[in-house]
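Novice: Handing over coords22.pdb, PDB, C-alpha atoms, pLDDT in the B column.
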MODEL        1
ATOM      1  CA  MET S   1      74.868 114.015 111.227  1.00 46.00           C
ATOM      2  CA  ILE S   2      75.864 117.216 109.463  1.00 45.00           C
ATOM      3  CA  ASP S   3      79.513 117.710 108.500  1.00 47.00           C
ATOM      4  CA  THR S   4      81.269 121.033 108.515  1.00 62.00           C
ATOM      5  CA  SER S   5      82.070 122.414 105.084  1.00 78.00           C
ATOM      6  CA  GLN S   6      85.798 121.728 105.670  1.00 82.00           C
ATOM      7  CA  THR S   7      85.120 118.063 106.412  1.00 83.00           C
ATOM      8  CA  THR S   8      82.914 117.858 103.318  1.00 86.00           C
ATOM      9  CA  LEU S   9      85.693 119.256 101.139  1.00 89.00           C
ATOM     10  CA  LEU S  10      88.215 116.920 102.744  1.00 92.00           C
ATOM     11  CA  ARG S  11      85.901 113.948 102.098  1.00 90.00           C
ATOM     12  CA  VAL S  12      85.569 114.873  98.417  1.00 90.00           C
ATOM     13  CA  ALA S  13      89.337 115.390  98.106  1.00 93.00           C
ATOM     14  CA  ALA S  14      90.023 112.066  99.870  1.00 93.00           C
ATOM     15  CA  PHE S  15      87.684 110.272  97.481  1.00 92.00           C
ATOM     16  CA  LEU S  16      89.453 111.854  94.516  1.00 93.00           C
ATOM     17  CA  VAL S  17      92.845 110.763  95.891  1.00 95.00           C
ATOM     18  CA  ASP S  18      91.471 107.229  96.353  1.00 93.00           C
ATOM     19  CA  ALA S  19      89.935 107.122  92.882  1.00 90.00           C
ATOM     20  CA  LEU S  20      93.097 108.440  91.235  1.00 92.00           C
ATOM     21  CA  SER S  21      95.434 106.099  93.105  1.00 93.00           C
ATOM     22  CA  ILE S  22      93.272 103.012  92.540  1.00 89.00           C
ATOM     23  CA  SER S  23      92.849 103.906  88.874  1.00 86.00           C
ATOM     24  CA  LEU S  24      96.554 104.454  88.298  1.00 89.00           C
ATOM     25  CA  ILE S  25      97.462 101.222  90.052  1.00 89.00           C
ATOM     26  CA  LEU S  26      94.968  99.294  87.907  1.00 87.00           C
ATOM     27  CA  ILE S  27      94.762 101.110  84.596  1.00 88.00           C
ATOM     28  CA  LEU S  28      98.473 101.385  83.932  1.00 89.00           C
ATOM     29  CA  PRO S  29      99.204  97.626  84.272  1.00 91.00           C
ATOM     30  CA  ALA S  30      95.969  96.658  82.469  1.00 92.00           C
ATOM     31  CA  SER S  31      96.832  99.045  79.632  1.00 91.00           C
ATOM     32  CA  LEU S  32     100.355  97.714  79.325  1.00 92.00           C
ATOM     33  CA  VAL S  33      99.152  94.091  79.327  1.00 92.00           C
ATOM     34  CA  SER S  34      96.304  94.661  76.864  1.00 92.00           C
ATOM     35  CA  TYR S  35      98.402  96.790  74.472  1.00 90.00           C
ATOM     36  CA  GLY S  36     101.181  94.225  74.693  1.00 92.00           C
ATOM     37  CA  MET S  37      98.702  91.464  73.906  1.00 90.00           C
ATOM     38  CA  ALA S  38      97.328  93.447  70.974  1.00 89.00           C
ATOM     39  CA  TRP S  39     100.850  94.082  69.676  1.00 90.00           C
ATOM     40  CA  ILE S  40     101.779  90.382  69.710  1.00 91.00           C
ATOM     41  CA  GLY S  41      98.452  89.370  68.212  1.00 86.00           C
ATOM     42  CA  GLY S  42      96.480  88.340  71.287  1.00 82.00           C
ATOM     43  CA  SER S  43      92.807  87.616  70.881  1.00 88.00           C
ATOM     44  CA  ALA S  44      90.185  90.254  71.531  1.00 89.00           C
ATOM     45  CA  ARG S  45      88.637  87.908  74.098  1.00 90.00           C
ATOM     46  CA  ALA S  46      91.907  87.717  76.083  1.00 90.00           C
ATOM     47  CA  ILE S  47      92.222  91.499  76.064  1.00 90.00           C
ATOM     48  CA  GLN S  48      88.618  91.777  77.214  1.00 92.00           C
ATOM     49  CA  ILE S  49      89.355  89.411  80.106  1.00 92.00           C
ATOM     50  CA  VAL S  50      92.248  91.645  81.208  1.00 92.00           C
ATOM     51  CA  TRP S  51      89.852  94.592  81.491  1.00 93.00           C
ATOM     52  CA  TRP S  52      87.134  92.564  83.250  1.00 94.00           C
ATOM     53  CA  VAL S  53      89.693  91.430  85.823  1.00 93.00           C
ATOM     54  CA  ALA S  54      90.863  95.038  86.287  1.00 92.00           C
ATOM     55  CA  LEU S  55      87.242  96.132  86.783  1.00 91.00           C
ATOM     56  CA  ALA S  56      86.648  93.382  89.361  1.00 93.00           C
ATOM     57  CA  ILE S  57      89.772  94.432  91.258  1.00 92.00           C
ATOM     58  CA  LEU S  58      88.609  98.073  91.102  1.00 90.00           C
ATOM     59  CA  VAL S  59      85.230  97.218  92.647  1.00 92.00           C
ATOM     60  CA  PHE S  60      86.931  95.071  95.296  1.00 93.00           C
ATOM     61  CA  ALA S  61      89.348  97.930  96.121  1.00 92.00           C
ATOM     62  CA  ILE S  62      86.525 100.466  96.410  1.00 92.00           C
ATOM     63  CA  LEU S  63      84.576  98.205  98.750  1.00 95.00           C
ATOM     64  CA  LEU S  64      87.539  97.493 101.048  1.00 94.00           C
ATOM     65  CA  ARG S  65      89.282 100.880 100.914  1.00 92.00           C
ATOM     66  CA  ASP S  66      88.256 102.023 104.420  1.00 93.00           C
ATOM     67  CA  GLY S  67      88.745  98.658 106.118  1.00 92.00           C
ATOM     68  CA  PHE S  68      92.288  99.122 107.376  1.00 91.00           C
ATOM     69  CA  ARG S  69      91.949 101.167 110.583  1.00 88.00           C
ATOM     70  CA  GLY S  70      89.070 103.146 109.057  1.00 90.00           C
ATOM     71  CA  ARG S  71      91.343 104.929 106.634  1.00 93.00           C
ATOM     72  CA  SER S  72      91.690 104.794 102.899  1.00 93.00           C
ATOM     73  CA  LEU S  73      94.832 106.279 101.380  1.00 93.00           C
ATOM     74  CA  GLY S  74      93.013 109.552 100.698  1.00 93.00           C
ATOM     75  CA  LYS S  75      91.603 109.749 104.225  1.00 94.00           C
ATOM     76  CA  GLN S  76      95.010 109.013 105.710  1.00 94.00           C
ATOM     77  CA  ILE S  77      96.687 111.752 103.657  1.00 94.00           C
ATOM     78  CA  LEU S  78      93.974 114.303 104.473  1.00 93.00           C
ATOM     79  CA  GLY S  79      93.552 113.458 108.167  1.00 93.00           C
ATOM     80  CA  LEU S  80      90.154 111.770 108.079  1.00 93.00           C
ATOM     81  CA  LYS S  81      88.982 108.531 109.649  1.00 93.00           C
ATOM     82  CA  THR S  82      85.869 106.382 109.309  1.00 94.00           C
ATOM     83  CA  VAL S  83      84.717 105.370 112.785  1.00 94.00           C
ATOM     84  CA  THR S  84      82.015 103.253 114.400  1.00 94.00           C
ATOM     85  CA  PRO S  85      79.717 104.573 117.150  1.00 93.00           C
ATOM     86  CA  ALA S  86      82.317 103.206 119.625  1.00 93.00           C
ATOM     87  CA  GLY S  87      84.994 105.383 118.002  1.00 90.00           C
ATOM     88  CA  LYS S  88      86.960 102.498 116.463  1.00 91.00           C
ATOM     89  CA  GLY S  89      88.039 102.199 112.826  1.00 90.00           C
ATOM     90  CA  CYS S  90      85.249 100.784 110.697  1.00 92.00           C
ATOM     91  CA  GLY S  91      86.900  97.472 109.697  1.00 93.00           C
ATOM     92  CA  TYR S  92      86.492  95.496 106.483  1.00 96.00           C
ATOM     93  CA  VAL S  93      82.863  94.339 106.902  1.00 95.00           C
ATOM     94  CA  ARG S  94      81.611  97.853 107.597  1.00 95.00           C
ATOM     95  CA  SER S  95      83.806  99.156 104.771  1.00 96.00           C
ATOM     96  CA  ILE S  96      82.061  96.817 102.328  1.00 96.00           C
ATOM     97  CA  ILE S  97      78.634  97.830 103.648  1.00 96.00           C
ATOM     98  CA  ARG S  98      79.347 101.577 103.587  1.00 95.00           C
ATOM     99  CA  ASN S  99      80.965 101.553 100.140  1.00 95.00           C
ATOM    100  CA  LEU S 100      78.490  99.232  98.389  1.00 96.00           C
ATOM    101  CA  PRO S 101      76.257 102.164  97.330  1.00 95.00           C
ATOM    102  CA  LEU S 102      79.274 103.714  95.571  1.00 92.00           C
ATOM    103  CA  VAL S 103      79.480 100.837  93.092  1.00 92.00           C
ATOM    104  CA  LEU S 104      75.753 100.799  92.315  1.00 93.00           C
ATOM    105  CA  PRO S 105      75.110 102.711  89.084  1.00 92.00           C
ATOM    106  CA  GLY S 106      72.939 105.739  89.736  1.00 94.00           C
ATOM    107  CA  TRP S 107      72.949 105.375  93.508  1.00 94.00           C
ATOM    108  CA  ASN S 108      76.524 106.651  93.602  1.00 90.00           C
ATOM    109  CA  LEU S 109      75.137 110.003  92.407  1.00 92.00           C
ATOM    110  CA  VAL S 110      72.780 110.041  95.395  1.00 94.00           C
ATOM    111  CA  GLU S 111      75.790 109.417  97.645  1.00 92.00           C
ATOM    112  CA  LEU S 112      77.690 112.282  96.011  1.00 89.00           C
ATOM    113  CA  THR S 113      74.721 114.613  96.475  1.00 91.00           C
ATOM    114  CA  LEU S 114      74.474 113.714 100.160  1.00 91.00           C
ATOM    115  CA  VAL S 115      78.189 114.329 100.758  1.00 88.00           C
ATOM    116  CA  LEU S 116      78.105 117.673  98.940  1.00 87.00           C
ATOM    117  CA  ALA S 117      75.079 118.668 101.011  1.00 87.00           C
ATOM    118  CA  GLY S 118      77.074 117.896 104.184  1.00 84.00           C
ATOM    119  CA  ARG S 119      74.814 114.990 105.119  1.00 87.00           C
ATOM    120  CA  ALA S 120      75.636 111.404 106.038  1.00 88.00           C
ATOM    121  CA  ARG S 121      75.834 109.036 103.061  1.00 92.00           C
ATOM    122  CA  THR S 122      73.369 106.172 102.838  1.00 95.00           C
ATOM    123  CA  GLY S 123      76.313 103.788 103.192  1.00 94.00           C
ATOM    124  CA  ASP S 124      77.354 105.507 106.423  1.00 94.00           C
ATOM    125  CA  ARG S 125      73.840 105.246 107.804  1.00 95.00           C
ATOM    126  CA  ILE S 126      73.538 101.541 106.976  1.00 95.00           C
ATOM    127  CA  ALA S 127      77.024 100.693 108.294  1.00 95.00           C
ATOM    128  CA  ARG S 128      76.583 103.033 111.269  1.00 95.00           C
ATOM    129  CA  THR S 129      79.825 104.880 110.551  1.00 95.00           C
ATOM    130  CA  THR S 130      80.912 108.496 110.584  1.00 91.00           C
ATOM    131  CA  VAL S 131      83.791 110.230 108.847  1.00 91.00           C
ATOM    132  CA  THR S 132      85.651 112.484 111.256  1.00 90.00           C
ATOM    133  CA  GLU S 133      88.720 114.686 111.169  1.00 89.00           C
ATOM    134  CA  GLU S 134      91.597 113.492 113.308  1.00 84.00           C
TER     135      GLU S 134
ENDMDL
END
Take the structure in this file and express it as C-alpha cells.
Specialist:
Amino acid sequence: MIDTSQTTLLRVAAFLVDALSISLILILPASLVSYGMAWIGGSARAIQIVWWVALAILVFAILLRDGFRGRSLGKQILGLKTVTPAGKGCGYVRSIIRNLPLVLPGWNLVELTLVLAGRARTGDRIARTTVTEE
C-alpha cells in the first residue's frame, strides 16, 4: 500500500516523537542513577548494569509502543493509528511483530527507506497492519 506524502511525513514525525519521549524517559533517570553511582564510588559493573537495563527497557518500549489501541504517543499526537485489516487497533502481539525489524541492526535502515519511499514497512507486511490518518 502506498501512503500519501503527508502520511509519510506524519509517520516520520510520530516516530521522532516516540524516540524522543522514550529516550528522555529512560536516559534521564539512567544518567542520574549512573552519575550518582559514580559520584559515590559505585563499581563500573553496577553502572554498566544500569545502562543494560535501560537498553532492555528501550527495546521493550519500542516493541510495544503501538499496542495500546494501535497508537503510540507520537501517533496519538499526530492523528495516526495502526490498524488491522478489520480496522481495529493492532494490539500488543501485532505491535511486537511490526516493530521487531526496527530493533534489528541494519534492517531498521531498510524500514526507514521503505517509509520514506511511501511504501509499507516489512513489519507492517508481516503483522498485516496499516498506518492510517484518523
Novice: Taking 3 positions as the minimum chain separation for residues in the same chain, which residues sit within 7 Å of stretch 47-60 of chain S when counting all atoms listed in the file? Answer as a PyMOL selection string.
Specialist: chain S and resi 22+26+30+34+37+43-44+63-64+103
Novice: Please write the residues picked by the PyMOL selection byres ((chain S and resi 95) around 8) on this file as a list in words.
Specialist: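 Output of the PyMOL selection byres ((chain S and resi 95) around 8): Leu63, Leu64, Arg65, Asp66, Gly67, Gly70, Cys90, Gly91, Tyr92, Val93, Arg94, Ile96, Ile97, Arg98, Asn99 and Ala127 of chain S.
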Novice: Evaluate the PyMOL selection byres ((chain S and resi 117) around 9) against this structure - the residues, as a PyMOL selection string, please.
Specialist: chain S and resi 2-3+5+8+112-116+118-120
Novice: With all atoms listed in the file as the basis for distance, which of S:Glu134, S:Gln6, S:Gly106, S:Leu16 is at the shortest distance from S:Leu80?
Specialist: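 Checking each of S:Glu134, S:Gln6, S:Gly106, S:Leu16 against S:Leu80, counting all atoms listed in the file, the winner is S:Glu134.
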Novice: What is the distance between atom CA of S:Leu9 and atom CA of S:Ile77, in Å to one decimal?
Specialist: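 Atom-to-atom, atom CA of S:Leu9 and atom CA of S:Ile77 are spaced 13.5 Å apart.
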